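Q: Sharing my_file.csv below, CSV, N, CA and C atoms:
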chain,number,residue,atom,x,y,z
A,456,ILE,N,-20.0,246.6,44.3
A,456,ILE,CA,-20.0,246.7,42.8
A,456,ILE,C,-21.0,245.8,42.1
A,457,ALA,N,-21.7,245.0,42.9
A,457,ALA,CA,-22.7,244.1,42.3
A,457,ALA,C,-24.1,244.6,42.4
A,458,LEU,N,-24.3,245.7,43.2
A,458,LEU,CA,-25.6,246.3,43.4
A,458,LEU,C,-26.3,246.6,42.1
A,459,LYS,N,-27.5,245.9,42.0
A,459,LYS,CA,-28.4,246.1,40.9
A,459,LYS,C,-27.8,245.7,39.5
A,460,LYS,N,-26.8,244.9,39.6
A,460,LYS,CA,-26.2,244.4,38.3
A,460,LYS,C,-27.0,243.1,37.9
A,461,PRO,N,-26.9,242.7,36.6
A,461,PRO,CA,-27.6,241.5,36.1
A,461,PRO,C,-27.1,240.3,36.8
A,462,ALA,N,-28.1,239.5,37.3
A,462,ALA,CA,-27.8,238.2,38.0
A,462,ALA,C,-28.7,237.1,37.4
A,463,ALA,N,-28.2,235.9,37.5
A,463,ALA,CA,-28.8,234.7,37.0
A,463,ALA,C,-28.7,233.6,38.0
A,464,GLN,N,-29.5,232.6,37.9
A,464,GLN,CA,-29.4,231.4,38.7
A,464,GLN,C,-30.0,230.2,37.9
A,465,ILE,N,-29.7,229.0,38.4
A,465,ILE,CA,-30.1,227.8,37.7
A,465,ILE,C,-31.6,227.7,37.4
A,466,SER,N,-32.4,228.2,38.4
A,466,SER,CA,-33.9,228.1,38.2
A,466,SER,C,-34.5,229.1,39.3
A,467,ASP,N,-35.7,229.4,39.1
A,467,ASP,CA,-36.5,230.2,40.1
A,467,ASP,C,-37.6,229.3,40.7
A,468,TYR,N,-37.6,229.3,42.0
A,468,TYR,CA,-38.6,228.5,42.7
A,468,TYR,C,-40.0,229.1,42.4
A,469,LYS,N,-40.1,230.4,42.5
A,469,LYS,CA,-41.3,231.1,42.1
A,469,LYS,C,-40.8,232.3,41.2
A,470,PRO,N,-41.7,232.9,40.4
A,470,PRO,CA,-41.3,234.0,39.6
A,470,PRO,C,-40.8,235.2,40.4
A,471,SER,N,-41.2,235.3,41.6
A,471,SER,CA,-40.8,236.4,42.5
A,471,SER,C,-39.5,236.1,43.2
A,472,ASP,N,-38.9,235.0,43.0
A,472,ASP,CA,-37.6,234.5,43.7
A,472,ASP,C,-36.4,234.6,42.8
A,473,GLY,N,-36.4,235.6,41.9
A,473,GLY,CA,-35.3,235.6,40.9
A,473,GLY,C,-34.0,236.0,41.5
A,474,ALA,N,-32.9,235.8,40.7
A,474,ALA,CA,-31.6,236.0,41.1
A,474,ALA,C,-31.3,237.5,41.4
A,475,GLY,N,-32.0,238.4,40.8
A,475,GLY,CA,-31.8,239.8,41.0
A,475,GLY,C,-32.1,240.3,42.4
A,476,ASN,N,-32.9,239.5,43.1
A,476,ASN,CA,-33.3,239.8,44.5
A,476,ASN,C,-32.0,239.9,45.4
A,477,ALA,N,-31.0,239.1,45.0
A,477,ALA,CA,-29.8,239.0,45.9
A,477,ALA,C,-28.9,240.2,45.7
A,478,VAL,N,-29.2,241.0,44.7
A,478,VAL,CA,-28.3,242.2,44.5
A,478,VAL,C,-29.1,243.5,44.4
A,479,ASP,N,-30.3,243.5,45.0
A,479,ASP,CA,-31.2,244.7,45.0
A,479,ASP,C,-31.0,245.6,46.2
A,480,GLY,N,-30.1,245.3,47.1
A,480,GLY,CA,-29.8,246.1,48.3
A,480,GLY,C,-30.8,246.0,49.4
A,481,ASN,N,-31.7,245.1,49.3
A,481,ASN,CA,-32.8,244.9,50.3
A,481,ASN,C,-32.4,243.8,51.2
A,482,ARG,N,-32.1,244.1,52.5
A,482,ARG,CA,-31.8,243.1,53.5
A,482,ARG,C,-32.9,242.9,54.5
A,483,SER,N,-34.1,243.1,54.1
A,483,SER,CA,-35.2,243.1,55.1
A,483,SER,C,-35.7,241.7,55.5
A,484,GLY,N,-35.2,240.7,54.8
A,484,GLY,CA,-35.6,239.3,55.2
A,484,GLY,C,-36.7,238.8,54.4
A,485,ASP,N,-37.4,239.6,53.6
A,485,ASP,CA,-38.6,239.1,52.9
A,485,ASP,C,-38.4,239.1,51.4
A,486,ASN,N,-37.2,239.3,50.9
A,486,ASN,CA,-36.9,239.4,49.5
A,486,ASN,C,-35.6,238.7,49.2
A,487,PHE,N,-35.7,237.5,48.6
A,487,PHE,CA,-34.4,236.7,48.4
A,487,PHE,C,-34.5,236.0,47.1
A,488,SER,N,-33.4,235.5,46.6
A,488,SER,CA,-33.4,234.6,45.5
A,488,SER,C,-33.6,233.2,46.0
A,489,HIS,N,-34.1,232.3,45.2
A,489,HIS,CA,-34.5,230.9,45.6
A,489,HIS,C,-34.6,230.0,44.4
A,490,THR,N,-33.8,228.9,44.4
A,490,THR,CA,-33.9,228.0,43.3
A,490,THR,C,-34.8,226.8,43.6
A,491,ASN,N,-34.9,225.9,42.7
A,491,ASN,CA,-35.8,224.7,42.9
A,491,ASN,C,-35.2,223.6,43.7
A,492,GLY,N,-33.9,223.6,43.8
A,492,GLY,CA,-33.2,222.5,44.5
A,492,GLY,C,-32.5,221.5,43.7
A,493,GLU,N,-32.1,221.9,42.5
A,493,GLU,CA,-31.3,221.0,41.6
A,493,GLU,C,-30.0,220.6,42.2
A,494,CYS,N,-29.3,219.6,41.7
A,494,CYS,CA,-28.0,219.3,42.1
A,494,CYS,C,-27.0,220.3,41.5
A,495,ASN,N,-26.0,220.7,42.2
A,495,ASN,CA,-25.0,221.7,41.8
A,495,ASN,C,-25.6,223.0,41.4
A,496,GLY,N,-26.6,223.4,42.2
A,496,GLY,CA,-27.3,224.7,41.9
A,496,GLY,C,-26.3,225.9,41.9
A,497,TRP,N,-26.6,226.9,41.2
A,497,TRP,CA,-25.6,228.0,41.1
A,497,TRP,C,-26.4,229.4,41.0
A,498,TRP,N,-25.7,230.4,41.4
A,498,TRP,CA,-26.2,231.8,41.3
A,498,TRP,C,-25.0,232.6,40.9
A,499,GLN,N,-25.2,233.6,40.0
A,499,GLN,CA,-24.1,234.4,39.6
A,499,GLN,C,-24.5,235.9,39.3
A,500,VAL,N,-23.6,236.8,39.4
A,500,VAL,CA,-23.8,238.2,39.0
A,500,VAL,C,-22.7,238.6,38.0
A,501,ASP,N,-23.2,239.3,37.0
A,501,ASP,CA,-22.3,239.9,36.0
A,501,ASP,C,-21.9,241.3,36.5
A,502,LEU,N,-20.7,241.6,36.8
A,502,LEU,CA,-20.3,242.9,37.3
A,502,LEU,C,-20.2,243.9,36.2
A,503,GLN,N,-20.4,243.6,35.0
A,503,GLN,CA,-20.4,244.5,33.8
A,503,GLN,C,-19.1,245.3,33.7
A,504,GLY,N,-18.0,244.6,33.9
A,504,GLY,CA,-16.7,245.2,33.8
A,504,GLY,C,-15.8,244.3,34.5
A,505,VAL,N,-14.5,244.5,34.3
A,505,VAL,CA,-13.5,243.7,35.0
A,505,VAL,C,-13.0,244.5,36.3
A,506,TYR,N,-13.0,243.8,37.4
A,506,TYR,CA,-12.7,244.4,38.7
A,506,TYR,C,-11.7,243.5,39.4
A,507,SER,N,-11.0,244.1,40.3
A,507,SER,CA,-10.1,243.4,41.3
A,507,SER,C,-11.0,243.2,42.5
A,508,VAL,N,-11.6,242.0,42.6
A,508,VAL,CA,-12.6,241.7,43.7
A,508,VAL,C,-11.8,241.4,44.9
A,509,GLU,N,-12.1,242.1,46.0
A,509,GLU,CA,-11.4,242.0,47.2
A,509,GLU,C,-12.2,241.3,48.3
A,510,ASP,N,-13.5,241.6,48.4
A,510,ASP,CA,-14.3,241.0,49.4
A,510,ASP,C,-15.7,240.7,48.8
A,511,ILE,N,-16.2,239.5,49.3
A,511,ILE,CA,-17.6,239.1,48.9
A,511,ILE,C,-18.3,238.8,50.2
A,512,ILE,N,-19.4,239.4,50.5
A,512,ILE,CA,-20.2,239.1,51.7
A,512,ILE,C,-21.5,238.5,51.3
A,513,ILE,N,-21.8,237.4,51.8
A,513,ILE,CA,-23.1,236.7,51.5
A,513,ILE,C,-24.0,236.7,52.8
A,514,PHE,N,-25.2,237.3,52.6
A,514,PHE,CA,-26.2,237.3,53.6
A,514,PHE,C,-27.2,236.1,53.3
A,515,ASN,N,-27.2,235.1,54.1
A,515,ASN,CA,-28.1,234.0,53.9
A,515,ASN,C,-29.5,234.4,54.2
A,516,ARG,N,-30.4,233.6,53.6
A,516,ARG,CA,-31.8,233.8,53.9
A,516,ARG,C,-32.1,233.6,55.4
A,517,ALA,N,-32.8,234.5,56.0
A,517,ALA,CA,-33.1,234.3,57.5
A,517,ALA,C,-34.1,233.2,57.7
A,518,GLY,N,-34.0,232.6,58.9
A,518,GLY,CA,-35.0,231.6,59.2
A,518,GLY,C,-34.5,230.6,60.2
A,519,PRO,N,-35.2,229.6,60.5
A,519,PRO,CA,-34.7,228.6,61.4
A,519,PRO,C,-33.5,227.8,60.9
A,520,ASP,N,-32.9,227.0,61.8
A,520,ASP,CA,-31.6,226.4,61.4
A,520,ASP,C,-31.7,225.6,60.1
A,521,PHE,N,-32.8,224.9,59.9
A,521,PHE,CA,-32.8,224.1,58.6
A,521,PHE,C,-32.7,224.9,57.4
A,522,ILE,N,-33.2,226.2,57.5
A,522,ILE,CA,-33.0,227.1,56.3
A,522,ILE,C,-31.6,227.6,56.2
A,523,LEU,N,-31.0,228.0,57.4
A,523,LEU,CA,-29.6,228.4,57.4
A,523,LEU,C,-28.6,227.3,56.9
A,524,ASP,N,-29.0,226.1,57.3
A,524,ASP,CA,-28.1,224.9,56.9
A,524,ASP,C,-28.0,224.6,55.4
A,525,ARG,N,-29.0,225.1,54.7
A,525,ARG,CA,-29.0,224.8,53.2
A,525,ARG,C,-27.8,225.4,52.5
A,526,LEU,N,-27.3,226.6,53.0
A,526,LEU,CA,-26.1,227.2,52.4
A,526,LEU,C,-24.9,226.6,53.1
A,527,SER,N,-24.5,225.4,52.7
A,527,SER,CA,-23.3,224.8,53.2
A,527,SER,C,-22.7,224.0,52.1
A,528,ASP,N,-21.4,223.7,52.2
A,528,ASP,CA,-20.6,223.0,51.1
A,528,ASP,C,-20.8,223.6,49.8
A,529,PHE,N,-20.3,224.8,49.7
A,529,PHE,CA,-20.5,225.6,48.5
A,529,PHE,C,-19.1,226.3,48.1
A,530,VAL,N,-19.1,226.8,46.9
A,530,VAL,CA,-17.9,227.4,46.3
A,530,VAL,C,-18.3,228.8,45.9
A,531,VAL,N,-17.4,229.8,46.3
A,531,VAL,CA,-17.5,231.2,45.8
A,531,VAL,C,-16.4,231.4,44.9
A,532,GLU,N,-16.7,231.8,43.6
A,532,GLU,CA,-15.7,232.0,42.6
A,532,GLU,C,-15.8,233.4,42.0
A,533,VAL,N,-14.6,233.9,41.6
A,533,VAL,CA,-14.5,235.0,40.7
A,533,VAL,C,-14.0,234.5,39.4
A,534,LEU,N,-14.7,234.9,38.3
A,534,LEU,CA,-14.4,234.4,37.0
A,534,LEU,C,-14.0,235.5,36.0
A,535,ASN,N,-13.1,235.2,35.1
A,535,ASN,CA,-12.7,236.2,34.2
A,535,ASN,C,-12.7,235.5,32.8
A,536,LEU,N,-13.2,236.2,31.8
A,536,LEU,CA,-13.2,235.6,30.4
A,536,LEU,C,-11.8,235.8,29.8
A,537,ASN,N,-11.3,234.6,29.4
A,537,ASN,CA,-10.0,234.6,28.7
A,537,ASN,C,-10.2,234.1,27.3
A,538,GLY,N,-10.4,235.0,26.4
A,538,GLY,CA,-10.8,234.5,25.0
A,538,GLY,C,-12.2,234.0,25.1
A,539,GLU,N,-12.3,232.7,24.8
A,539,GLU,CA,-13.7,232.0,24.8
A,539,GLU,C,-13.9,231.2,26.1
A,540,ALA,N,-12.9,231.1,27.0
A,540,ALA,CA,-13.0,230.3,28.1
A,540,ALA,C,-13.0,231.1,29.4
A,541,TRP,N,-13.7,230.6,30.4
A,541,TRP,CA,-13.8,231.3,31.7
A,541,TRP,C,-12.6,230.7,32.6
A,542,ASP,N,-11.8,231.6,33.1
A,542,ASP,CA,-10.8,231.3,34.1
A,542,ASP,C,-11.3,231.6,35.5
A,543,THR,N,-11.0,230.7,36.5
A,543,THR,CA,-11.3,231.0,37.9
A,543,THR,C,-10.1,231.7,38.4
A,544,THR,N,-10.3,233.0,38.8
A,544,THR,CA,-9.1,233.8,39.3
A,544,THR,C,-9.1,233.8,40.8
A,545,GLY,N,-10.2,233.5,41.5
A,545,GLY,CA,-10.3,233.5,42.9
A,545,GLY,C,-11.4,232.5,43.3
A,546,LYS,N,-11.1,231.7,44.4
A,546,LYS,CA,-12.0,230.6,44.7
A,546,LYS,C,-11.9,230.3,46.2
A,547,TYR,N,-13.1,230.2,46.9
A,547,TYR,CA,-13.1,229.7,48.2
A,547,TYR,C,-14.1,228.5,48.3
A,548,HIS,N,-13.8,227.4,49.0
A,548,HIS,CA,-14.7,226.3,49.2
A,548,HIS,C,-15.1,226.3,50.7
A,549,SER,N,-16.3,226.6,50.9
A,549,SER,CA,-16.8,226.6,52.3
A,549,SER,C,-17.5,225.3,52.6
A,550,VAL,N,-17.0,224.5,53.5
A,550,VAL,CA,-17.5,223.2,53.8
A,550,VAL,C,-18.6,223.3,54.8
A,551,GLY,N,-18.5,224.1,55.8
A,551,GLY,CA,-19.5,224.3,56.8
A,551,GLY,C,-20.7,225.2,56.4
A,552,ASN,N,-21.6,225.3,57.4
A,552,ASN,CA,-22.7,226.2,57.2
A,552,ASN,C,-22.3,227.6,57.2
A,553,ALA,N,-22.8,228.4,56.3
A,553,ALA,CA,-22.5,229.8,56.2
A,553,ALA,C,-23.1,230.7,57.3
A,554,GLY,N,-24.1,230.1,58.0
A,554,GLY,CA,-24.7,230.9,59.1
A,554,GLY,C,-25.5,232.0,58.4
A,555,SER,N,-25.8,233.1,59.1
A,555,SER,CA,-26.6,234.2,58.6
A,555,SER,C,-25.8,235.1,57.7
A,556,LYS,N,-24.4,235.1,57.9
A,556,LYS,CA,-23.6,236.0,57.1
A,556,LYS,C,-22.2,235.4,57.0
A,557,ALA,N,-21.6,235.4,55.8
A,557,ALA,CA,-20.3,234.9,55.6
A,557,ALA,C,-19.5,235.8,54.7
A,558,GLY,N,-18.2,236.0,55.0
A,558,GLY,CA,-17.4,236.9,54.2
A,558,GLY,C,-16.2,236.2,53.7
A,559,TYR,N,-15.7,236.6,52.5
A,559,TYR,CA,-14.6,236.0,51.8
A,559,TYR,C,-13.7,237.1,51.3
A,560,HIS,N,-12.4,237.0,51.6
A,560,HIS,CA,-11.5,238.0,51.3
A,560,HIS,C,-10.4,237.5,50.3
A,561,PHE,N,-10.2,238.2,49.2
A,561,PHE,CA,-9.2,237.8,48.3
A,561,PHE,C,-8.0,238.8,48.3
A,562,GLU,N,-6.8,238.2,48.6
A,562,GLU,CA,-5.6,239.0,48.8
A,562,GLU,C,-4.5,238.4,47.9
A,563,PRO,N,-4.0,239.0,46.9
A,563,PRO,CA,-4.5,240.3,46.4
A,563,PRO,C,-5.9,240.1,45.7
A,564,GLY,N,-6.5,241.1,45.3
A,564,GLY,CA,-7.8,241.0,44.6
A,564,GLY,C,-7.8,240.0,43.5
A,565,ALA,N,-9.0,239.3,43.3
A,565,ALA,CA,-9.1,238.4,42.2
A,565,ALA,C,-9.7,239.1,41.0
A,566,LYS,N,-9.0,239.1,39.9
A,566,LYS,CA,-9.5,239.9,38.7
A,566,LYS,C,-10.6,239.1,38.0
A,567,GLY,N,-11.7,239.8,37.8
A,567,GLY,CA,-12.8,239.1,37.1
A,567,GLY,C,-14.0,240.0,36.9
A,568,SER,N,-15.0,239.4,36.1
A,568,SER,CA,-16.2,240.1,35.8
A,568,SER,C,-17.4,239.4,36.2
A,569,VAL,N,-17.3,238.2,36.8
A,569,VAL,CA,-18.5,237.4,37.3
A,569,VAL,C,-18.1,236.9,38.6
A,570,VAL,N,-19.1,236.9,39.5
A,570,VAL,CA,-19.0,236.2,40.8
A,570,VAL,C,-20.1,235.2,40.8
A,571,ARG,N,-19.7,233.9,41.1
A,571,ARG,CA,-20.6,232.8,41.1
A,571,ARG,C,-20.5,232.1,42.4
A,572,ILE,N,-21.7,231.6,42.9
A,572,ILE,CA,-21.8,230.8,44.1
A,572,ILE,C,-22.4,229.4,43.6
A,573,LEU,N,-21.7,228.4,43.9
A,573,LEU,CA,-22.0,227.0,43.4
A,573,LEU,C,-22.2,226.1,44.5
A,574,LEU,N,-23.3,225.4,44.7
A,574,LEU,CA,-23.5,224.4,45.7
A,574,LEU,C,-22.9,223.1,45.2
A,575,ASN,N,-22.3,222.3,46.2
A,575,ASN,CA,-21.8,221.0,45.9
A,575,ASN,C,-22.9,220.1,46.5
A,576,GLY,N,-23.7,219.5,45.7
A,576,GLY,CA,-24.8,218.6,46.2
A,576,GLY,C,-26.1,219.1,45.7
A,577,CYS,N,-27.2,218.5,46.3
A,577,CYS,CA,-28.5,218.7,45.8
A,577,CYS,C,-29.3,219.4,46.9
A,578,GLU,N,-29.6,220.7,46.7
A,578,GLU,CA,-30.3,221.4,47.8
A,578,GLU,C,-30.8,222.7,47.1
A,579,VAL,N,-31.8,223.4,47.7
A,579,VAL,CA,-32.1,224.7,47.2
A,579,VAL,C,-31.0,225.7,47.5
A,580,LEU,N,-30.9,226.7,46.7
A,580,LEU,CA,-29.9,227.8,47.0
A,580,LEU,C,-30.8,229.0,47.1
A,581,HIS,N,-30.7,229.6,48.3
A,581,HIS,CA,-31.4,230.9,48.5
A,581,HIS,C,-30.4,231.9,49.1
A,582,LEU,N,-30.5,233.1,48.7
A,582,LEU,CA,-29.6,234.2,49.1
A,582,LEU,C,-30.4,235.4,49.4
A,583,GLU,N,-30.1,236.0,50.6
A,583,GLU,CA,-30.7,237.3,50.9
A,583,GLU,C,-30.1,238.4,50.1
A,584,GLN,N,-28.7,238.5,50.3
A,584,GLN,CA,-28.0,239.5,49.5
A,584,GLN,C,-26.5,239.0,49.3
A,585,VAL,N,-26.0,239.5,48.2
A,585,VAL,CA,-24.5,239.2,47.9
A,585,VAL,C,-23.9,240.6,47.6
A,586,GLU,N,-23.0,240.9,48.5
A,586,GLU,CA,-22.3,242.2,48.3
A,586,GLU,C,-20.9,241.9,47.8
A,587,VAL,N,-20.4,242.7,46.8
A,587,VAL,CA,-19.1,242.5,46.2
A,587,VAL,C,-18.4,243.8,46.3
A,588,TYR,N,-17.1,243.8,46.8
A,588,TYR,CA,-16.3,245.0,46.9
A,588,TYR,C,-15.0,244.8,46.2
A,589,GLY,N,-14.7,245.9,45.5
A,589,GLY,CA,-13.4,245.9,44.7
A,589,GLY,C,-13.2,247.1,43.9
A,590,THR,N,-12.2,247.1,43.1
A,590,THR,CA,-11.9,248.3,42.3
A,590,THR,C,-11.8,248.0,40.8
A,591,PRO,N,-12.2,248.9,39.9
A,591,PRO,CA,-12.1,248.6,38.5
A,591,PRO,C,-10.6,248.4,38.1
A,592,VAL,N,-10.5,247.5,37.1
A,592,VAL,CA,-9.1,247.2,36.6
A,592,VAL,C,-8.9,248.0,35.3
With the file now loaded, output its structure as C-alpha cells.
A:
Amino acid sequence: IALKKPAAQISDYKPSDGAGNAVDGNRSGDNFSHTNGECNGWWQVDLQGVYSVEDIIIFNRAGPDFILDRLSDFVVEVLNLNGEAWDTTGKYHSVGNAGSKAGYHFEPGAKGSVVRILLNGCEVLHLEQVEVYGTPV
C-alpha cells in the first residue's frame, strides 16, 4: 500500500537519493533513499488514507557489513492523526542490525496513515525499499 506514495526524510545526501526511492518498487540495489547522517534521522511515507497496517518489510541498502550495520537501533512506527496530534498506533524497536531484510508484523493491524522509520542515534539512514501491507479502514 506504500508503493509510489509520497515519502519524506530528514535530508537528502544527494538530490538523487530522495525518500521516494524507497517506495518506487525498484529492488535492483542501485536506487535507494539516503540521508546526510543527522542525529535521530527519519524517513516516512504517507499512505494517503487510513489502513490497518499488518506487515512492514524493510529492504536495507545492499553492501558490505559497515553499510548494513547502519540500519540498527531504530523504531518502526505506524501513526494516525487524532485531531491535531499524531498517535502511535503500532511500534517496534529494533535494537540489532536489520541485515539485508527485516519484517515487522502487527497483530491486530495498527490503524494509521503514516509509516515512519526513526533512527536512535547519529548515522545515515538509507533504505532500498519499504513495503507496507494492510487493508483500508
Q: How close does each residue of segment 477-566 of chain A get to segment 578-582 of chain A, giving the shortest atom pair and distance in Å to one decimal for every residue with an atom at most 6.5 Å away, counting only N, CA and C atoms, sorted by chain and residue number, as a Markdown table?
A:
| residue | atom | partner | partner_atom | distance |
| --- | --- | --- | --- | --- |
| A:Ala477 | CA | A:Leu582 | C | 5.1 |
| A:Asn486 | C | A:Leu582 | C | 6.2 |
| A:Phe487 | CA | A:Leu582 | C | 4.3 |
| A:Ser488 | C | A:His581 | CA | 4.0 |
| A:His489 | CA | A:His581 | CA | 4.2 |
| A:Thr490 | N | A:Leu580 | C | 4.0 |
| A:Asn491 | C | A:Val579 | CA | 4.8 |
| A:Gly492 | CA | A:Glu578 | C | 3.5 |
| A:Glu493 | C | A:Glu578 | N | 4.5 |
| A:Cys494 | CA | A:Glu578 | N | 5.1 |
| A:Asn495 | N | A:Glu578 | N | 5.8 |
| A:Gly496 | N | A:Glu578 | N | 6.0 |
| A:Phe514 | C | A:Leu582 | C | 5.1 |
| A:Asn515 | C | A:Leu582 | C | 5.0 |
| A:Arg516 | N | A:Leu582 | C | 4.6 |
| A:Arg525 | C | A:Val579 | C | 5.9 |
Q: Run DSSP on the backbone and tell me which residues of chain A come out as alpha helix (DSSP H); list them as a list in words.
A: Asp520, Phe521, Ile522 and Leu523 of chain A
Q: Would you export the selected residues with N, CA and C atoms as an mmCIF file, keeping the file's coordinate frame, please?
A:
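Result saved to result14.cif:
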data_model
loop_
_atom_site.group_PDB
_atom_site.id
_atom_site.type_symbol
_atom_site.label_atom_id
_atom_site.label_comp_id
_atom_site.auth_asym_id
_atom_site.auth_seq_id
_atom_site.Cartn_x
_atom_site.Cartn_y
_atom_site.Cartn_z
ATOM 1 N N ASP A 520 -32.900 227.000 61.800
ATOM 2 C CA ASP A 520 -31.600 226.400 61.400
ATOM 3 C C ASP A 520 -31.700 225.600 60.100
ATOM 4 N N PHE A 521 -32.800 224.900 59.900
ATOM 5 C CA PHE A 521 -32.800 224.100 58.600
ATOM 6 C C PHE A 521 -32.700 224.900 57.400
ATOM 7 N N ILE A 522 -33.200 226.200 57.500
ATOM 8 C CA ILE A 522 -33.000 227.100 56.300
ATOM 9 C C ILE A 522 -31.600 227.600 56.200
ATOM 10 N N LEU A 523 -31.000 228.000 57.400
ATOM 11 C CA LEU A 523 -29.600 228.400 57.400
ATOM 12 C C LEU A 523 -28.600 227.300 56.900
#
Q: Please determine, counting all atoms listed in the file, which residue among A:Asp524, A:Asp472, A:Asp467, A:Asp479 has the shortest atom-to-atom distance to Gln584 of chain A.
A: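 Smallest separation from Gln584 of chain A among the options: A:Asp479.
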Q: Using only C-alpha atoms, can you tell me which of A:Ala474, A:Val550, A:Leu523, A:Val530 comes closest to Leu574 of chain A?
A: A:Val530
Q: Calculate how many Å separate atom CA of Ala553 of chain A from atom CA of Gln503 of chain A, rounding to one decimal.
A: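 Atom CA of Ala553 of chain A sits 26.9 Å away from atom CA of Gln503 of chain A.
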Q: Give the answer as one residue: which of A:Leu502, A:Val570, A:Ile512, A:Ala462 has the shortest atom-to-atom distance to Val587 of chain A, using only N, CA and C atoms?
A: A:Ile512
Q: Suppose you want the space between atom C of Ala557 of chain A and atom C of Val585 of chain A; what is it in Å?
A: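 Between atom C of Ala557 of chain A and atom C of Val585 of chain A the gap works out to 9.6 Å.
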Q: Hey, can you pull every residue with an atom no more than 5 Å from (-10.3, 243.6, 37.6), using only N, CA and C atoms, and send it as a list in words?
A: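 Taken together, the residues in range are Val505, Tyr506, Ser507, Lys566, Gly567, Pro591 and Val592 of chain A.
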Q: Can you write just those residues out, N, CA and C atoms, as a PDB file, keeping the file's coordinate frame?
A:
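Writing done, so here's out-v3.pdb:
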ATOM      1  N   VAL A 505     -14.500 244.500  34.300  1.00  0.00           N
ATOM      2  CA  VAL A 505     -13.500 243.700  35.000  1.00  0.00           C
ATOM      3  C   VAL A 505     -13.000 244.500  36.300  1.00  0.00           C
ATOM      4  N   TYR A 506     -13.000 243.800  37.400  1.00  0.00           N
ATOM      5  CA  TYR A 506     -12.700 244.400  38.700  1.00  0.00           C
ATOM      6  C   TYR A 506     -11.700 243.500  39.400  1.00  0.00           C
ATOM      7  N   SER A 507     -11.000 244.100  40.300  1.00  0.00           N
ATOM      8  CA  SER A 507     -10.100 243.400  41.300  1.00  0.00           C
ATOM      9  C   SER A 507     -11.000 243.200  42.500  1.00  0.00           C
ATOM     10  N   LYS A 566      -9.000 239.100  39.900  1.00  0.00           N
ATOM     11  CA  LYS A 566      -9.500 239.900  38.700  1.00  0.00           C
ATOM     12  C   LYS A 566     -10.600 239.100  38.000  1.00  0.00           C
ATOM     13  N   GLY A 567     -11.700 239.800  37.800  1.00  0.00           N
ATOM     14  CA  GLY A 567     -12.800 239.100  37.100  1.00  0.00           C
ATOM     15  C   GLY A 567     -14.000 240.000  36.900  1.00  0.00           C
ATOM     16  N   PRO A 591     -12.200 248.900  39.900  1.00  0.00           N
ATOM     17  CA  PRO A 591     -12.100 248.600  38.500  1.00  0.00           C
ATOM     18  C   PRO A 591     -10.600 248.400  38.100  1.00  0.00           C
ATOM     19  N   VAL A 592     -10.500 247.500  37.100  1.00  0.00           N
ATOM     20  CA  VAL A 592      -9.100 247.200  36.600  1.00  0.00           C
ATOM     21  C   VAL A 592      -8.900 248.000  35.300  1.00  0.00           C
TER      22      VAL A 592
END
Q: Near Gly545 of chain A, within 6.5 Å and counting all atoms listed in the file, which residues show up once chain neighbours fewer than 5 positions away are dropped, as a ChimeraX atom specification?
A: /A:531-534,565-566
Q: What is the atom N of Gln464 of chain A to atom CA of Trp497 of chain A distance in Å?
A: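 If I compute the distance from atom N of Gln464 of chain A to atom CA of Trp497 of chain A, I get 6.8 Å.
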Q: Which is closest to Ile511 of chain A among A:His560, A:Lys546, A:Lys469, A:Arg482, if we use only N, CA and C atoms?
A: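 Comparing A:His560, A:Lys546, A:Lys469, A:Arg482 against Ile511 of chain A, the winner is A:His560.
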Q: Counting only N, CA and C atoms, figure out which residue out of A:Asn535, A:Glu509, A:Lys459, A:Asn476 gets nearest to Tyr588 of chain A.
A: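 The answer is A:Glu509, which sits nearest to Tyr588 of chain A.
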Q: If you run DSSP on this backbone, which residues of chain A come out as strand (DSSP E or B), and could you give them as JSON, numbers by chain?
A: {"A": [462, 463, 464, 488, 489, 494, 497, 498, 499, 500, 501, 502, 503, 504, 505, 506, 507, 508, 509, 510, 511, 512, 513, 514, 515, 527, 528, 529, 530, 531, 532, 533, 534, 535, 536, 537, 540, 541, 542, 543, 544, 545, 546, 547, 548, 549, 550, 551, 552, 556, 557, 558, 559, 560, 561, 562, 563, 564, 565, 566, 567, 568, 569, 570, 571, 572, 573, 574, 577, 581, 582, 583, 584, 585, 586, 587, 588, 589, 590, 591]}
